[in-house]
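Reproduced below: start_23.tsv, with TSV, C-alpha atoms.
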chain	number	residue	atom	x	y	z
R	8	MET	CA	-28.15	37.45	16.96
R	9	THR	CA	-29.85	35.70	14.03
R	10	HIS	CA	-31.28	32.20	14.41
R	11	ILE	CA	-30.22	29.70	11.74
R	12	LEU	CA	-31.55	26.17	11.32
R	13	ILE	CA	-29.40	23.28	10.10
R	14	ALA	CA	-30.93	20.10	8.69
R	15	GLY	CA	-28.50	17.27	9.41
R	16	GLY	CA	-26.22	16.56	12.34
R	17	GLY	CA	-23.37	14.80	10.57
R	18	ILE	CA	-19.83	16.10	10.16
R	19	GLY	CA	-20.87	18.93	7.85
R	20	GLY	CA	-23.86	19.92	9.96
R	21	LEU	CA	-21.94	20.08	13.23
R	22	ALA	CA	-19.00	21.91	11.65
R	23	THR	CA	-21.47	24.45	10.30
R	24	ALA	CA	-23.09	24.83	13.71
R	25	VAL	CA	-19.71	25.57	15.30
R	26	SER	CA	-18.80	28.01	12.53
R	27	LEU	CA	-22.08	29.90	12.64
R	28	ALA	CA	-22.18	30.07	16.44
R	29	ARG	CA	-18.64	31.38	16.63
R	30	ASN	CA	-19.54	34.02	14.08
R	31	GLY	CA	-22.41	35.42	16.09
R	32	HIS	CA	-25.48	33.32	15.29
R	33	ARG	CA	-27.85	31.15	17.31
R	34	VAL	CA	-28.14	27.68	15.76
R	35	THR	CA	-30.57	24.77	15.96
R	36	VAL	CA	-29.38	21.46	14.48
R	37	LEU	CA	-32.17	19.08	13.42
R	38	GLU	CA	-30.92	15.48	13.21
R	39	ARG	CA	-33.13	12.69	11.84
R	40	ARG	CA	-31.53	9.95	14.00
R	41	ASP	CA	-32.32	9.51	17.68
R	42	THR	CA	-28.78	10.35	18.75
R	43	PHE	CA	-25.87	12.46	17.62
R	44	ALA	CA	-23.20	9.95	16.63
R	45	GLU	CA	-21.09	9.04	13.63
R	46	ILE	CA	-20.85	5.56	12.18
R	47	GLY	CA	-18.48	4.39	9.47
R	48	ALA	CA	-14.82	3.60	9.13
R	49	GLY	CA	-11.67	5.48	8.19
R	50	ILE	CA	-11.39	8.88	6.60
R	51	GLN	CA	-8.47	10.81	5.12
R	52	LEU	CA	-7.83	14.45	6.03
R	53	GLY	CA	-5.61	16.66	3.89
R	54	PRO	CA	-3.96	19.85	5.13
R	55	ASN	CA	-6.95	21.84	3.89
R	56	ALA	CA	-9.14	19.92	6.36
R	57	PHE	CA	-6.81	20.80	9.22
R	58	HIS	CA	-6.78	24.45	8.15
R	59	ALA	CA	-10.57	24.36	8.41
R	60	LEU	CA	-10.59	22.47	11.71
R	61	ASP	CA	-8.15	24.95	13.21
R	62	ARG	CA	-10.38	27.86	12.19
R	63	LEU	CA	-13.29	26.04	13.85
R	64	GLY	CA	-11.23	25.64	17.02
R	65	VAL	CA	-11.26	21.82	17.03
R	66	GLY	CA	-8.02	20.99	15.22
R	67	GLU	CA	-6.15	19.86	18.32
R	68	GLY	CA	-8.99	17.57	19.37
R	69	VAL	CA	-8.87	15.80	16.00
R	70	ARG	CA	-5.09	15.59	16.05
R	71	GLU	CA	-5.17	13.69	19.36
R	72	GLN	CA	-6.57	10.56	17.67
R	73	ALA	CA	-5.18	11.08	14.17
R	74	VAL	CA	-2.49	8.97	12.58
R	75	PHE	CA	-0.04	11.15	10.66
R	76	THR	CA	0.98	9.12	7.65
R	77	ASP	CA	4.42	9.18	6.09
R	78	GLU	CA	3.46	8.53	2.48
R	79	LEU	CA	0.69	7.98	-0.04
R	80	CYS	CA	1.77	4.80	-1.85
R	81	PHE	CA	0.43	3.77	-5.24
R	82	MET	CA	1.00	0.07	-5.93
R	83	ASP	CA	0.31	-2.16	-8.91
R	84	GLY	CA	-2.27	-4.49	-7.44
R	85	THR	CA	-1.42	-7.46	-9.62
R	86	THR	CA	2.39	-7.37	-9.78
R	87	GLY	CA	2.78	-6.03	-6.23
R	88	GLU	CA	5.33	-3.45	-7.40
R	89	LYS	CA	5.42	0.09	-6.06
R	90	VAL	CA	4.56	2.53	-8.84
R	91	ALA	CA	4.90	5.86	-7.03
R	92	GLY	CA	4.78	7.49	-3.62
R	93	MET	CA	4.09	11.00	-2.39
R	94	GLU	CA	6.02	11.73	0.79
R	95	LEU	CA	3.96	13.43	3.48
R	96	THR	CA	6.65	14.32	5.99
R	97	ARG	CA	8.81	17.45	6.35
R	98	ASP	CA	8.76	18.95	2.84
R	99	TYR	CA	5.06	18.29	2.38
R	100	ARG	CA	4.12	19.76	5.76
R	101	ASN	CA	6.35	22.77	5.24
R	102	ARG	CA	4.76	23.47	1.89
R	103	PHE	CA	1.13	23.03	2.89
R	104	GLY	CA	1.31	24.15	6.51
R	105	ASN	CA	-0.39	21.10	8.02
R	106	PRO	CA	-0.05	17.31	7.95
R	107	TYR	CA	-1.94	14.65	6.06
R	108	ALA	CA	-3.67	12.29	8.46
R	109	VAL	CA	-6.16	9.45	8.72
R	110	VAL	CA	-8.78	9.05	11.43
R	111	HIS	CA	-11.84	7.04	12.29
R	112	ARG	CA	-14.92	9.05	11.34
R	113	GLY	CA	-15.95	9.07	14.99
R	114	ASP	CA	-12.63	10.67	15.96
R	115	LEU	CA	-13.44	13.56	13.62
R	116	TYR	CA	-17.07	13.76	14.69
R	117	GLN	CA	-16.59	13.74	18.47
R	118	PRO	CA	-14.53	16.98	18.74
R	119	LEU	CA	-17.16	18.74	16.63
R	120	LEU	CA	-19.95	17.37	18.83
R	121	THR	CA	-18.09	18.37	22.00
R	122	ALA	CA	-17.61	21.88	20.60
R	123	CYS	CA	-21.34	22.15	19.85
R	124	GLN	CA	-22.25	20.94	23.32
R	125	GLY	CA	-19.98	23.60	24.81
R	126	LEU	CA	-21.59	26.49	22.93
R	127	ASP	CA	-24.68	28.08	24.48
R	128	ALA	CA	-25.71	29.31	21.04
R	129	VAL	CA	-26.08	25.76	19.66
R	130	GLU	CA	-29.16	23.60	20.27
R	131	LEU	CA	-29.00	19.94	19.20
R	132	VAL	CA	-32.37	18.32	18.45
R	133	PRO	CA	-32.42	14.55	17.71
R	134	ASP	CA	-35.38	12.69	16.16
R	135	ALA	CA	-36.10	15.68	13.96
R	136	SER	CA	-36.13	14.61	10.31
R	137	VAL	CA	-36.76	17.60	8.05
R	138	GLU	CA	-39.17	16.71	5.25
R	139	ARG	CA	-39.90	20.17	3.78
R	140	TYR	CA	-39.50	23.87	4.33
R	141	GLU	CA	-41.46	27.06	3.76
R	142	GLN	CA	-39.97	30.50	3.53
R	143	SER	CA	-41.09	34.08	3.41
R	144	ALA	CA	-39.37	37.42	3.06
R	145	THR	CA	-38.48	37.34	6.74
R	146	GLY	CA	-37.74	33.71	7.67
R	147	VAL	CA	-37.86	29.95	7.10
R	148	THR	CA	-39.92	27.20	8.70
R	149	ALA	CA	-38.57	23.63	8.66
R	150	HIS	CA	-41.24	20.95	9.03
R	151	THR	CA	-40.28	17.55	10.41
R	152	THR	CA	-41.85	14.18	9.65
R	153	ASP	CA	-43.47	14.05	13.10
R	154	GLY	CA	-45.34	17.30	12.56
R	155	ARG	CA	-43.14	19.78	14.38
R	156	ALA	CA	-42.18	23.16	12.93
R	157	PHE	CA	-38.94	25.04	13.61
R	158	HIS	CA	-38.56	28.69	12.69
R	159	GLY	CA	-35.38	30.58	11.81
R	160	ALA	CA	-33.94	33.33	9.68
R	161	ALA	CA	-32.27	30.79	7.35
R	162	LEU	CA	-32.02	27.04	6.76
R	163	ILE	CA	-28.85	25.15	5.83
R	164	GLY	CA	-29.41	21.75	4.23
R	165	ALA	CA	-26.55	19.55	5.44
R	166	ASP	CA	-28.64	16.40	5.21
R	167	GLY	CA	-26.50	14.29	2.93
R	168	ILE	CA	-26.54	12.93	-0.59
R	169	ARG	CA	-30.29	12.21	-0.44
R	170	SER	CA	-31.07	15.59	1.05
R	171	THR	CA	-34.76	16.42	1.38
R	172	VAL	CA	-33.81	20.10	1.38
R	173	ARG	CA	-32.07	19.67	-1.98
R	174	ALA	CA	-34.98	17.65	-3.35
R	175	GLN	CA	-37.34	20.54	-2.68
R	176	MET	CA	-34.90	23.20	-3.85
R	177	LEU	CA	-33.55	21.61	-7.03
R	178	GLY	CA	-35.82	18.66	-7.75
R	179	ASP	CA	-33.02	16.86	-9.56
R	180	GLY	CA	-33.98	13.32	-8.64
R	181	GLU	CA	-31.90	10.48	-7.29
R	182	PRO	CA	-28.09	10.55	-7.11
R	183	ARG	CA	-26.05	9.09	-9.97
R	184	VAL	CA	-25.10	5.45	-9.32
R	185	SER	CA	-21.42	5.04	-10.18
R	186	GLY	CA	-21.47	1.29	-10.79
R	187	HIS	CA	-18.76	0.83	-8.17
R	188	THR	CA	-19.22	-1.22	-5.00
R	189	ILE	CA	-17.01	-0.62	-1.98
R	190	TYR	CA	-16.49	-3.14	0.82
R	191	ARG	CA	-15.23	-1.86	4.18
R	192	SER	CA	-13.79	-3.52	7.26
R	193	VAL	CA	-12.04	-2.25	10.39
R	194	ILE	CA	-9.96	-4.73	12.39
R	195	PRO	CA	-7.86	-4.50	15.57
R	196	ILE	CA	-4.21	-3.85	14.84
R	197	GLU	CA	-3.27	-6.91	16.95
R	198	LYS	CA	-4.61	-9.08	14.14
R	199	VAL	CA	-2.24	-7.51	11.62
R	200	PRO	CA	1.24	-9.04	11.26
R	201	GLU	CA	3.87	-6.51	12.30
R	202	GLU	CA	5.50	-6.52	8.87
R	203	LEU	CA	2.20	-5.26	7.37
R	204	ARG	CA	1.62	-2.38	9.82
R	205	TRP	CA	2.74	0.35	7.44
R	206	ASN	CA	2.39	4.00	8.37
R	207	THR	CA	1.17	4.82	4.89
R	208	VAL	CA	-2.05	5.19	2.97
R	209	THR	CA	-1.52	2.39	0.48
R	210	LEU	CA	-3.54	1.90	-2.69
R	211	TRP	CA	-3.31	-1.25	-4.80
R	212	ALA	CA	-4.72	-0.62	-8.28
R	213	GLY	CA	-5.96	-3.52	-10.38
R	214	PRO	CA	-8.16	-4.06	-13.45
R	215	LYS	CA	-11.56	-2.62	-12.49
R	216	TRP	CA	-10.74	-2.72	-8.78
R	217	HIS	CA	-8.57	-1.10	-6.14
R	218	PHE	CA	-7.74	-1.69	-2.49
R	219	VAL	CA	-6.87	0.97	0.10
R	220	HIS	CA	-5.67	0.41	3.67
R	221	TYR	CA	-4.29	2.51	6.51
R	222	ILE	CA	-4.05	2.57	10.30
R	223	ILE	CA	-6.61	4.61	12.26
R	224	GLY	CA	-7.84	5.11	15.83
R	225	GLY	CA	-4.53	6.40	17.16
R	226	GLY	CA	-2.86	3.22	15.92
R	227	ARG	CA	-5.44	0.76	17.31
R	228	TYR	CA	-7.11	-0.37	14.06
R	229	LEU	CA	-6.47	-1.11	10.41
R	230	ASN	CA	-9.00	0.30	7.97
R	231	LEU	CA	-9.61	-1.76	4.82
R	232	ALA	CA	-11.59	-0.49	1.83
R	233	VAL	CA	-11.72	-2.41	-1.42
R	234	THR	CA	-13.69	-1.28	-4.45
R	235	ARG	CA	-14.95	-3.20	-7.47
R	236	ASP	CA	-16.13	-1.60	-10.71
R	237	ASN	CA	-18.90	-4.17	-11.11
R	238	GLY	CA	-21.61	-2.19	-12.87
R	239	ALA	CA	-23.88	-2.06	-9.83
R	240	THR	CA	-27.11	-0.21	-10.60
R	241	VAL	CA	-28.98	-0.27	-7.28
R	242	PRO	CA	-27.83	1.90	-4.34
R	243	VAL	CA	-26.75	-0.02	-1.24
R	244	ALA	CA	-25.64	1.52	2.06
R	245	GLY	CA	-23.95	-0.47	4.81
R	246	ARG	CA	-25.31	-3.91	3.95
R	247	GLU	CA	-23.50	-6.90	5.46
R	248	ALA	CA	-21.29	-8.74	2.97
R	249	GLU	CA	-20.08	-12.30	3.30
R	250	ARG	CA	-16.31	-12.63	3.66
R	251	ALA	CA	-16.15	-15.31	0.95
R	252	HIS	CA	-18.02	-13.03	-1.44
R	253	VAL	CA	-15.60	-10.15	-0.84
R	254	LEU	CA	-12.52	-12.32	-1.28
R	255	GLY	CA	-13.92	-13.72	-4.52
R	256	GLN	CA	-14.35	-10.31	-6.12
R	257	PHE	CA	-10.66	-9.67	-6.77
R	258	PRO	CA	-9.05	-12.32	-8.94
R	259	GLY	CA	-5.41	-11.73	-9.76
R	260	ILE	CA	-4.70	-9.64	-6.70
R	261	GLY	CA	-1.04	-9.83	-5.68
R	262	ALA	CA	0.22	-11.89	-2.74
R	263	THR	CA	0.82	-9.07	-0.23
R	264	ALA	CA	-2.45	-7.33	-1.02
R	265	ARG	CA	-4.22	-10.69	-0.74
R	266	ARG	CA	-2.74	-11.23	2.74
R	267	LEU	CA	-4.10	-7.87	3.85
R	268	LEU	CA	-7.48	-8.44	2.25
R	269	GLU	CA	-7.86	-11.80	3.99
R	270	LEU	CA	-7.49	-10.09	7.37
R	271	GLY	CA	-10.85	-8.39	6.92
R	272	GLU	CA	-13.93	-9.42	8.85
R	273	GLY	CA	-17.38	-8.00	9.45
R	274	TRP	CA	-17.43	-6.61	5.91
R	275	ARG	CA	-20.12	-4.14	4.84
R	276	GLU	CA	-20.83	-2.86	1.35
R	277	TRP	CA	-21.94	0.37	-0.27
R	278	VAL	CA	-22.69	1.18	-3.90
R	279	LEU	CA	-21.04	4.54	-4.53
R	280	CYS	CA	-23.12	7.46	-5.76
R	281	ASP	CA	-22.50	11.11	-6.59
R	282	ARG	CA	-24.11	13.94	-8.55
R	283	ASP	CA	-23.09	16.29	-11.32
R	284	PRO	CA	-21.89	19.73	-10.19
R	285	VAL	CA	-24.59	22.41	-10.16
R	286	PRO	CA	-24.02	26.18	-10.09
R	287	GLY	CA	-26.71	27.07	-7.59
R	288	TRP	CA	-27.02	25.81	-4.00
R	289	THR	CA	-29.30	28.53	-2.65
R	290	GLU	CA	-32.93	29.53	-2.82
R	291	GLY	CA	-33.64	32.69	-0.89
R	292	ARG	CA	-32.96	31.94	2.76
R	293	VAL	CA	-32.08	28.28	2.15
R	294	ALA	CA	-28.63	26.95	1.21
R	295	LEU	CA	-27.03	23.53	0.76
R	296	LEU	CA	-23.74	22.32	2.20
R	297	GLY	CA	-21.48	19.26	2.01
R	298	ASP	CA	-22.92	16.16	0.36
R	299	ALA	CA	-26.28	17.87	-0.03
R	300	ALA	CA	-24.58	20.44	-2.29
R	301	HIS	CA	-21.74	18.54	-3.96
R	302	PRO	CA	-21.65	14.79	-3.24
R	303	MET	CA	-18.51	13.19	-4.62
R	304	LEU	CA	-16.92	9.79	-5.00
R	305	GLN	CA	-14.24	8.95	-2.47
R	306	TYR	CA	-11.35	8.78	-4.96
R	307	ALA	CA	-9.95	12.24	-4.16
R	308	ALA	CA	-10.42	11.67	-0.40
R	309	GLN	CA	-12.06	15.09	-0.15
R	310	GLY	CA	-15.73	14.61	0.75
R	311	ALA	CA	-15.41	15.54	4.43
R	312	CYS	CA	-12.65	18.03	3.68
R	313	GLN	CA	-14.90	19.98	1.32
R	314	ALA	CA	-17.77	19.97	3.84
R	315	LEU	CA	-15.43	21.44	6.46
R	316	GLU	CA	-14.36	24.12	4.00
R	317	ASP	CA	-18.02	24.91	3.29
R	318	ALA	CA	-18.68	25.33	6.99
R	319	VAL	CA	-15.81	27.76	7.51
R	320	VAL	CA	-16.69	29.91	4.50
R	321	LEU	CA	-20.39	29.99	5.37
R	322	GLY	CA	-19.70	31.09	8.93
R	323	GLU	CA	-17.26	33.78	7.88
R	324	VAL	CA	-19.37	35.28	5.09
R	325	THR	CA	-22.41	35.51	7.37
R	326	GLU	CA	-20.52	37.06	10.29
R	327	THR	CA	-22.40	40.10	11.66
R	328	ALA	CA	-25.14	39.61	9.04
R	329	ARG	CA	-28.55	40.96	9.93
R	330	GLU	CA	-31.64	38.95	9.04
R	331	ASP	CA	-32.30	41.14	6.03
R	332	GLU	CA	-28.75	40.51	4.73
R	333	LEU	CA	-28.78	36.72	4.88
R	334	VAL	CA	-30.04	36.08	1.34
R	335	GLN	CA	-27.16	38.08	-0.13
R	336	ARG	CA	-24.62	36.43	2.18
R	337	LEU	CA	-25.82	32.93	1.29
R	338	GLU	CA	-25.48	33.77	-2.40
R	339	LYS	CA	-21.93	34.96	-1.73
R	340	TYR	CA	-21.12	31.65	0.01
R	341	ASN	CA	-22.44	29.80	-3.02
R	342	ALA	CA	-20.39	31.94	-5.41
R	343	LEU	CA	-17.20	31.45	-3.40
R	344	ARG	CA	-17.49	27.67	-3.10
R	345	ARG	CA	-19.18	26.26	-6.20
R	346	GLU	CA	-16.21	26.21	-8.59
R	347	ARG	CA	-13.81	24.57	-6.16
R	348	ALA	CA	-16.25	21.94	-4.90
R	349	GLY	CA	-17.55	21.26	-8.41
R	350	ARG	CA	-14.08	20.67	-9.78
R	351	THR	CA	-13.31	18.32	-6.90
R	352	GLN	CA	-16.41	16.28	-7.77
R	353	LEU	CA	-15.21	15.86	-11.35
R	354	ILE	CA	-11.61	15.16	-10.36
R	355	ALA	CA	-12.81	12.39	-8.05
R	356	ARG	CA	-14.67	10.74	-10.94
R	357	ARG	CA	-11.66	10.97	-13.24
R	358	MET	CA	-9.35	9.47	-10.65
R	359	GLY	CA	-11.56	6.41	-10.41
R	360	SER	CA	-11.58	5.77	-14.13
R	361	GLU	CA	-8.12	6.98	-15.16
R	362	LEU	CA	-5.93	6.10	-12.15
R	363	TYR	CA	-7.52	3.39	-10.05
R	364	HIS	CA	-9.24	0.98	-12.45
R	365	PRO	CA	-7.48	0.81	-15.84
R	366	ALA	CA	-6.38	-2.55	-17.26
R	367	GLY	CA	-3.83	-3.70	-19.83
R	368	GLU	CA	-2.10	-1.00	-21.87
R	369	ARG	CA	-3.96	1.77	-20.06
R	370	ALA	CA	-2.64	0.50	-16.74
R	371	GLU	CA	0.89	0.37	-18.13
R	372	GLU	CA	0.58	3.95	-19.40
R	373	ARG	CA	-0.70	5.06	-16.01
R	374	ASN	CA	2.20	3.39	-14.23
R	375	ALA	CA	4.71	5.03	-16.56
R	376	MET	CA	3.13	8.44	-16.04
R	377	LEU	CA	3.05	8.18	-12.25
R	378	SER	CA	6.53	6.75	-11.89
R	379	ALA	CA	7.99	9.64	-13.90
R	380	LEU	CA	6.70	12.26	-11.45
R	381	SER	CA	9.09	13.83	-8.97
R	382	GLN	CA	8.02	14.76	-5.45
R	383	ARG	CA	7.85	18.38	-6.57
R	384	ASP	CA	5.63	17.38	-9.51
R	385	MET	CA	3.26	15.58	-7.17
R	386	TYR	CA	3.05	18.51	-4.77
R	387	GLU	CA	2.29	20.83	-7.67
R	388	LYS	CA	-0.58	18.62	-8.80
R	389	VAL	CA	-2.30	18.69	-5.40
R	390	SER	CA	-1.34	22.22	-4.41
R	391	TRP	CA	-4.65	23.82	-5.42
R	392	LEU	CA	-6.52	21.28	-3.32
R	393	HIS	CA	-4.28	20.66	-0.30
R	394	GLY	CA	-2.70	24.08	-0.03
R	395	ASP	CA	-5.56	26.57	-0.42
R	396	ARG	CA	-6.46	28.36	2.82
R	397	ALA	CA	-9.21	30.60	1.46
R	398	PHE	CA	-11.13	27.49	0.27
R	399	THR	CA	-12.08	29.22	-2.97
R	400	ASP	CA	-9.37	28.10	-5.44
R	401	SER	CA	-10.74	25.87	-8.19
R	402	GLY	CA	-7.27	25.31	-9.61
R	403	THR	CA	-8.45	26.07	-13.15
R	404	GLY	CA	-7.36	29.63	-13.64
R	405	GLY	CA	-10.99	30.60	-13.98
R	406	GLU	CA	-11.85	27.81	-16.43
R	407	ARG	CA	-13.99	24.72	-15.93
When written as structure tokens, how does the structure in this file appear?
Amino acid sequence: MTHILIAGGGIGGLATAVSLARNGHRVTVLERRDTFAEIGAGIQLGPNAFHALDRLGVGEGVREQAVFTDELCFMDGTTGEKVAGMELTRDYRNRFGNPYAVVHRGDLYQPLLTACQGLDAVELVPDASVERYEQSATGVTAHTTDGRAFHGAALIGADGIRSTVRAQMLGDGEPRVSGHTIYRSVIPIEKVPEELRWNTVTLWAGPKWHFVHYIIGGGRYLNLAVTRDNGATVPVAGREAERAHVLGQFPGIGATARRLLELGEGWREWVLCDRDPVPGWTEGRVALLGDAAHPMLQYAAQGACQALEDAVVLGEVTETAREDELVQRLEKYNALRRERAGRTQLIARRMGSELYHPAGERAEERNAMLSALSQRDMYEKVSWLHGDRAFTDSGTGGER
């Protein structure tokens, strides 16, 4: 049984721990915070995420708190008119083999944490922030900021968009600041008028802004996320935002969307960042995963989904691997995943600029394009992403 270290105890790190442990490895998860917990708001899970969760053995636990949405609705944020909708019920589920759902991040995290706690081969170590690593021909040592050293046969950097493991491996500097600021709020469903409690993921697209909302927490909360293309240049993560400031950022928003926006309270803001795709996520016995490998904007709703896919593939390609085989197996993981994850990063960027934020004639052209699509057309467009069960299809026919 090989011993593998994981830097980062978020969704990607815990999913990787479960995957590796169930494929025959002993795992130590090093988490920088003093507890294993997940903060944040709502998250969307496509069928590919559920395929991964099922292979990790935690799919049913996530389904218990998930809200299975009926439709993805694309609305014109200024006129209030529905532009297009992709139905997520029978035909969609039959085609892709699993539902589309929304959950609170904690409702995805907790089943993964429970699975880790139930596996003797997984050790969870809080207050262990990895600042650097050293490796030799036979192993890796992860050094933490408080002076401890952890030894293993390999190290997986699942430590997020500002990964210290990536910084040492690739040295590619700070993430790219997108210029987009997102404001998030989660409110009790009791505060939402019944006529606005839609079982949909609804997106209102306006000029240089968009607004997404959906029900989470098994139906107990409404998740609100509104984004402004405001040219922000400085990263911000989770800062409190005044309600009046948020409401003033979206002039021209239609009446129904305005009603929903005004329900928000306790707003927090983030400036969105990502990175360009890179071909290599490994260095000897060290590999990257999730946001450390391929951070992406939220516009394709695939960040967590791709991390779950990474975890499954990594566990399966390293199954039965001896210590002297790990370098080759990590390179295989990288080769299997880089095209698909890289394309998803670029698609997410394009969706923000071409679908969510156009104004004037460009918005009219977008509306005409979307409204002309049939349900079959829509399913074809997302098939490579939502329908792949090997988690290796880039959807490009071998081209980038």
Requested in this report: Write out as a ChimeraX atom specification which residues come within 12 Å of Arg347 of chain R when counting all atoms listed in the file, dropping same-chain ones fewer than 6 positions away.
Outcome: /R:284-286,301,309,312-314,316-317,340-341,353-354,391-393,395,397-407
Requested in this report: Quick one: residues within 9 Å of (-1.8, 8.1, 16.9) (file frame), counting all atoms listed in the file, please, as a ChimeraX atom specification.
Outcome: /R:70-75,110,222-227
With the cut-off set at 12 Å and counting all atoms listed in the file, tabulate each residue of segment 162-280 of chain R with an atom at most that distance from an atom of segment 100-107 of chain R, showing the nearest atom pair and its distance in Å to one decimal, ordered by chain and increasing number, as JSON lines.
{"residue": "R:Asn206", "atom": "CA", "partner": "R:Tyr107", "partner_atom": "CA", "distance": 11.7}
{"residue": "R:Thr207", "atom": "CA", "partner": "R:Tyr107", "partner_atom": "CA", "distance": 10.4}
{"residue": "R:Val208", "atom": "CA", "partner": "R:Tyr107", "partner_atom": "CA", "distance": 10.0}
Requested in this report: Would you mind telling me which residue in R:Gly310, R:Glu326, R:Tyr190, R:Ala174 lies nearest to His252 of chain R when using only C-alpha atoms?
Outcome: R:Tyr190
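Closest approach to His158 of chain R among R:Arg265, R:Ser378, R:Ala366, R:Leu37 is made by R:Leu37 (distances from all atoms listed in the file).
Taking atom CA of Met82 of chain R and atom CA of Val69 of chain R as endpoints, the distance between them is 28.7 Å.
The space between atom CA of Lys198 of chain R and atom CA of Gly255 of chain R spans 21.4 Å.
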Query raised in the report: Taking only C-alpha atoms into account, which of R:Thr35, R:Thr325, R:Thr86, R:Asn55 comes nearest Asp127 of chain R?
Result: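 The shortest atom-to-atom distance to Asp127 of chain R comes from R:Thr35.
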Query raised in the report: If you count only C-alpha atoms, which residues fall within 10 Å of Thr23 of chain R, apart from same-chain ones fewer than 2 positions away, as a ChimeraX atom specification?
Result: /R:13,16-21,25-29,34,36,63,119,123,163,165,296-297,314-322
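You can rank R:Gly92, R:Gly15, R:Gly68, R:Gly291 by their closest distance to Leu380 of chain R using all atoms listed in the file, and at the top of that list sits R:Gly92.
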Query raised in the report: Neighbours of Ala122 of chain R within 9 Å (only C-alpha atoms; same-chain residues fewer than 2 positions away dropped), as a list in words?
Result: Leu21, Val25, Gly64, Val65, Gln117, Pro118, Leu119, Leu120, Gln124, Gly125 and Leu126 of chain R
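Residues lying at most 6 Å from (-21.4, 24.4, -4.0) in file coordinates, with only C-alpha atoms considered, are Trp288, Ala300, His301, Asn341, Arg344, Arg345 and Ala348 of chain R.
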**Report entry** For Tyr140 of chain R: contacts at 12 Å, all atoms listed in the file, fewer than 3 positions along chain excluded, given as a VMD selection string
**Finding:** chain R and resid 12 to 14 136 to 137 143 146 to 152 155 to 159 161 to 164 171 to 176 290 to 294
Query - atom CA of Val129 of chain R to atom CA of Ala56 of chain R, straight-line distance in Å - result: 22.3 Å
Query raised in the report: Closest to Gly167 of chain R among R:Val193, R:Ala308, R:Ala328, R:Met303, using all atoms listed in the file?
Result: R:Met303
